[in-house]
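Novice: Sharing protein.cif, mmCIF, C-alpha atoms:
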```cif
data_run
#
loop_
_atom_site.group_PDB
_atom_site.id
_atom_site.type_symbol
_atom_site.label_atom_id
_atom_site.label_comp_id
_atom_site.auth_asym_id
_atom_site.auth_seq_id
_atom_site.Cartn_x
_atom_site.Cartn_y
_atom_site.Cartn_z
ATOM 1 C CA MET A 1103 18.774 -17.721 10.891
ATOM 2 C CA THR A 1104 16.649 -14.696 11.616
ATOM 3 C CA ASN A 1105 13.617 -13.608 9.680
ATOM 4 C CA THR A 1106 14.343 -10.246 8.011
ATOM 5 C CA THR A 1107 10.831 -9.889 6.658
ATOM 6 C CA THR A 1108 9.372 -7.165 6.544
ATOM 7 C CA ASP A 1109 9.187 -3.451 6.608
ATOM 8 C CA ILE A 1110 6.331 -3.715 4.109
ATOM 9 C CA THR A 1111 2.898 -4.861 5.206
ATOM 10 C CA THR A 1112 0.717 -7.164 3.130
ATOM 11 C CA ASP A 1113 -1.684 -4.265 2.529
ATOM 12 C CA ILE A 1114 1.126 -2.095 1.132
ATOM 13 C CA THR A 1115 2.396 -4.943 -1.039
ATOM 14 C CA THR A 1116 -1.071 -5.631 -2.440
ATOM 15 C CA ASP A 1117 -1.657 -1.915 -3.050
ATOM 16 C CA VAL A 1118 1.663 -1.418 -4.870
ATOM 17 C CA VAL A 1119 1.039 -4.373 -7.175
ATOM 18 C CA ALA A 1120 -2.552 -3.257 -7.847
ATOM 19 C CA ARG A 1121 -1.484 0.330 -8.681
ATOM 20 C CA TYR A 1122 1.367 -0.969 -10.854
ATOM 21 C CA LEU A 1123 -0.949 -3.261 -12.835
ATOM 22 C CA THR A 1124 -3.513 -0.453 -13.134
ATOM 23 C CA ALA A 1125 -0.859 1.745 -14.760
ATOM 24 C CA TRP A 1126 0.070 -1.058 -17.156
ATOM 25 C CA ASN A 1127 -3.602 -1.701 -17.990
ATOM 26 C CA THR A 1128 -4.484 1.929 -18.695
ATOM 27 C CA THR A 1129 -4.818 2.281 -22.462
ATOM 28 C CA ASP A 1130 -5.586 6.010 -22.802
ATOM 29 C CA GLY A 1131 -2.583 8.342 -22.788
ATOM 30 C CA ARG A 1132 -3.583 11.007 -20.242
ATOM 31 C CA PRO A 1133 -5.081 8.619 -17.675
ATOM 32 C CA ARG A 1134 -2.049 6.335 -18.150
ATOM 33 C CA ALA A 1135 0.316 9.263 -17.467
ATOM 34 C CA LYS A 1136 -1.612 10.025 -14.252
ATOM 35 C CA ALA A 1137 -1.492 6.352 -13.209
ATOM 36 C CA VAL A 1138 2.257 6.233 -13.878
ATOM 37 C CA ALA A 1139 2.815 9.392 -11.812
ATOM 38 C CA ALA A 1140 0.788 7.895 -8.965
ATOM 39 C CA VAL A 1141 2.843 4.693 -8.759
ATOM 40 C CA PHE A 1142 6.348 5.702 -9.952
ATOM 41 C CA THR A 1143 8.763 8.347 -8.643
ATOM 42 C CA GLU A 1144 9.687 11.074 -11.128
ATOM 43 C CA ASP A 1145 13.103 9.506 -11.765
ATOM 44 C CA ALA A 1146 11.967 5.874 -11.634
ATOM 45 C CA ARG A 1147 13.866 3.403 -13.792
ATOM 46 C CA TYR A 1148 12.247 0.441 -15.547
ATOM 47 C CA VAL A 1149 14.548 -2.229 -16.948
ATOM 48 C CA ASP A 1150 13.783 -5.631 -18.488
ATOM 49 C CA PRO A 1151 15.379 -7.658 -21.322
ATOM 50 C CA LEU A 1152 13.680 -5.436 -23.936
ATOM 51 C CA ALA A 1153 13.731 -1.977 -22.339
ATOM 52 C CA ASP A 1154 15.694 0.365 -20.117
ATOM 53 C CA VAL A 1155 13.875 3.661 -19.520
ATOM 54 C CA THR A 1156 13.815 6.351 -16.855
ATOM 55 C CA GLY A 1157 11.128 8.837 -15.859
ATOM 56 C CA HIS A 1158 7.374 9.190 -16.153
ATOM 57 C CA GLU A 1159 7.302 10.132 -19.827
ATOM 58 C CA ALA A 1160 9.467 7.198 -20.913
ATOM 59 C CA ILE A 1161 7.580 4.671 -18.760
ATOM 60 C CA THR A 1162 4.237 5.981 -20.063
ATOM 61 C CA ALA A 1163 5.493 5.624 -23.654
ATOM 62 C CA LEU A 1164 6.817 2.118 -22.956
ATOM 63 C CA ILE A 1165 3.428 1.014 -21.654
ATOM 64 C CA GLY A 1166 1.760 2.526 -24.738
ATOM 65 C CA GLY A 1167 4.122 0.508 -26.928
ATOM 66 C CA VAL A 1168 3.111 -2.703 -25.162
ATOM 67 C CA HIS A 1169 -0.561 -1.892 -25.790
ATOM 68 C CA ALA A 1170 0.218 -1.272 -29.474
ATOM 69 C CA GLN A 1171 2.004 -4.635 -29.708
ATOM 70 C CA PHE A 1172 -0.645 -6.562 -27.741
ATOM 71 C CA PRO A 1173 -3.969 -4.788 -28.379
ATOM 72 C CA GLY A 1174 -6.773 -5.879 -26.086
ATOM 73 C CA PHE A 1175 -4.440 -7.762 -23.722
ATOM 74 C CA VAL A 1176 -4.481 -7.072 -19.986
ATOM 75 C CA PHE A 1177 -1.990 -7.592 -17.193
ATOM 76 C CA GLY A 1178 -2.972 -9.608 -14.148
ATOM 77 C CA PRO A 1179 -1.230 -11.075 -11.125
ATOM 78 C CA VAL A 1180 0.083 -14.635 -11.221
ATOM 79 C CA GLY A 1181 0.363 -15.972 -7.692
ATOM 80 C CA ASP A 1182 0.978 -13.913 -4.579
ATOM 81 C CA PRO A 1183 3.540 -11.137 -4.181
ATOM 82 C CA ASP A 1184 6.434 -11.397 -1.766
ATOM 83 C CA ALA A 1185 8.170 -8.539 0.024
ATOM 84 C CA HIS A 1186 10.882 -7.621 2.457
ATOM 85 C CA HIS A 1187 12.479 -4.335 3.447
ATOM 86 C CA ASP A 1188 11.675 -1.957 0.561
ATOM 87 C CA VAL A 1189 11.441 -4.600 -2.195
ATOM 88 C CA VAL A 1190 8.340 -6.260 -3.640
ATOM 89 C CA ARG A 1191 8.549 -9.251 -5.993
ATOM 90 C CA PHE A 1192 5.612 -10.546 -8.006
ATOM 91 C CA ARG A 1193 4.684 -12.471 -11.151
ATOM 92 C CA TRP A 1194 2.279 -11.196 -13.772
ATOM 93 C CA GLY A 1195 0.612 -12.455 -16.919
ATOM 94 C CA LEU A 1196 -0.385 -10.628 -20.095
ATOM 95 C CA GLY A 1197 -3.159 -11.966 -22.285
ATOM 96 C CA PRO A 1198 -6.755 -11.619 -23.419
ATOM 97 C CA ASP A 1199 -9.044 -10.732 -20.517
ATOM 98 C CA GLY A 1200 -10.586 -13.874 -18.990
ATOM 99 C CA ALA A 1201 -9.020 -16.233 -21.531
ATOM 100 C CA GLY A 1202 -7.282 -18.544 -19.055
ATOM 101 C CA GLU A 1203 -3.513 -19.038 -19.092
ATOM 102 C CA PRO A 1204 -1.862 -15.856 -20.413
ATOM 103 C CA PRO A 1205 0.593 -16.277 -23.317
ATOM 104 C CA VAL A 1206 3.091 -13.872 -21.707
ATOM 105 C CA ILE A 1207 4.317 -14.359 -18.141
ATOM 106 C CA GLY A 1208 6.957 -12.371 -16.333
ATOM 107 C CA ALA A 1209 8.214 -11.407 -12.917
ATOM 108 C CA ASP A 1210 9.174 -8.023 -11.532
ATOM 109 C CA ALA A 1211 11.072 -6.911 -8.470
ATOM 110 C CA VAL A 1212 10.383 -3.310 -7.492
ATOM 111 C CA THR A 1213 12.169 -1.082 -5.031
ATOM 112 C CA LEU A 1214 9.989 1.389 -3.173
ATOM 113 C CA ALA A 1215 10.898 4.966 -2.348
ATOM 114 C CA PRO A 1216 10.106 6.300 1.145
ATOM 115 C CA ASP A 1217 6.829 7.777 -0.200
ATOM 116 C CA GLY A 1218 5.636 4.295 -1.258
ATOM 117 C CA ARG A 1219 6.032 4.847 -4.983
ATOM 118 C CA ILE A 1220 8.223 2.656 -7.147
ATOM 119 C CA ALA A 1221 11.782 3.899 -7.740
ATOM 120 C CA LEU A 1222 13.109 0.889 -9.680
ATOM 121 C CA VAL A 1223 11.620 -2.040 -11.584
ATOM 122 C CA VAL A 1224 13.769 -4.976 -12.621
ATOM 123 C CA GLY A 1225 11.666 -7.167 -14.888
ATOM 124 C CA PHE A 1226 12.133 -10.666 -16.245
ATOM 125 C CA LEU A 1227 10.241 -12.306 -19.092
ATOM 126 C CA ASP A 1228 9.581 -15.940 -18.260
ATOM 127 C CA ARG A 1229 7.412 -16.794 -21.269
ATOM 128 C CA VAL A 1230 6.973 -14.768 -24.454
ATOM 129 C CA PRO A 1231 5.295 -16.060 -27.634
ATOM 130 C CA ALA A 1232 7.472 -16.403 -30.732
#
```
Please render this file's structure as structure tokens.
Specialist:
Amino acid sequence: MTNTTTDITTDITTDVVARYLTAWNTTDGRPRAKAVAAVFTEDARYVDPLADVTGHEAITALIGGVHAQFPGFVFGPVGDPDAHHDVVRFRWGLGPDGAGEPPVIGADAVTLAPDGRIALVVGFLDRVPA
């Protein structure tokens, strides 16, 4: 078996995840829109069990909805990301800043465009409070 890893360096993987989480942690509308534009392509699609949206405006609105539902919560990495070819996979948690184990945990796989921005997010929710 040959190792097909990786067209993506660890630095790129770390940067993509950091920029992605920054966009999700930006609570103000205009700065959030700028963060989304910096990390997502114009026609990026985000899909998880609760959402299926395309484009900067829809992704920005989706993130705003999460902040409305979970005020004061922040996203953070859970474990280390993994990558091969143009795909990055990582786990994240959502909860009060510095409060230990987050109540919401999920995992995302993102496909990168040639310019390094995210073209597709396929998200999974591993743990969501009732």
Novice: Can you work out which one of A:Gly1208, A:Gly1157, A:Pro1231, A:Pro1183 has the shortest atom-to-atom distance to Ile1114 in chain A, counting only C-alpha atoms?
Specialist: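 Selected residue with least distance to Ile1114 in chain A: A:Pro1183.
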Novice: Identify all residues satisfying the PyMOL selection byres ((chain A and resi 1217) around 12) in the given file; provide them as a PyMOL selection string.
Specialist: chain A and resi 1114+1118+1140-1144+1188+1213-1216+1218-1221
Novice: Residue by residue, what does the PyMOL selection byres ((chain A and resi 1200) around 12) grab here? Present the result as a list in words.
Specialist: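 Evaluating the PyMOL selection byres ((chain A and resi 1200) around 12) on these coordinates yields Gly1174, Phe1175, Val1176, Phe1177, Gly1178, Gly1195, Leu1196, Gly1197, Pro1198, Asp1199, Ala1201, Gly1202, Glu1203 and Pro1204 of chain A.
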Novice: If we draw a sphere of 10 Å around (12.6, -3.8, -3.3), which residues have at least one atom in it when counting only C-alpha atoms? Please report them as a ChimeraX atom specification.
Specialist: /A:1110,1184-1191,1210-1215,1220-1224
Novice: Quick one: pull the distance between CA of Leu1123 in chain A and CA of Ala1232 in chain A, Å, one decimal.
Specialist: 23.7 Å
Novice: Could you list, as a list of chain:residue names, every residue within 7 Å of His1158 in chain A, counting all atoms listed in the file and ignoring same-chain residues fewer than 4 positions away?
Specialist: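 With the cut-off at 7 Å, the set is A:Val1138, A:Ala1139, A:Glu1144, A:Thr1162.
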Novice: Name the closest residue to Pro1179 in chain A among the candidates A:Arg1193, A:Lys1136, A:Arg1121, A:Arg1147; distances are taken between atoms, counting only C-alpha atoms.
Specialist: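 Comparing A:Arg1193, A:Lys1136, A:Arg1121, A:Arg1147 against Pro1179 in chain A, the winner is A:Arg1193.
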Novice: Would you give the centre and edge lengths, in Å to one decimal, of a box along x, y and z around the listed atoms of range 1122-1125 of chain A, with 4 Å added to each side, as lines of an AutoDock Vina configuration file?
Specialist:
```
center_x = -1.1
center_y = -0.8
center_z = -12.8
size_x = 12.9
size_y = 13.0
size_z = 11.9
```
Novice: Can you measure CA of Leu1164 in chain A to CA of Ile1207 in chain A for me? One decimal in Å is fine.
Specialist: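 Separation of CA of Leu1164 in chain A and CA of Ile1207 in chain A: 17.3 Å.
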Novice: Quick one: pull the distance between CA of Asp1182 in chain A and CA of Gly1131 in chain A, Å, one decimal.
Specialist: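 Computing the Euclidean distance for CA of Asp1182 in chain A and CA of Gly1131 in chain A yields 29.0 Å.
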Novice: Starting from the shown file, work through the PyMOL selection byres ((chain A and resi 1166) around 9) and note down what comes out as a PyMOL selection string.
Specialist: chain A and resi 1126+1128-1131+1134+1161-1165+1167-1171
Novice: Of the candidates A:Asp1145, A:Phe1172, A:Pro1205, A:Arg1229, which shows the shortest atom-to-atom distance to Asn1127 in chain A, using all atoms listed in the file?
Specialist: A:Phe1172
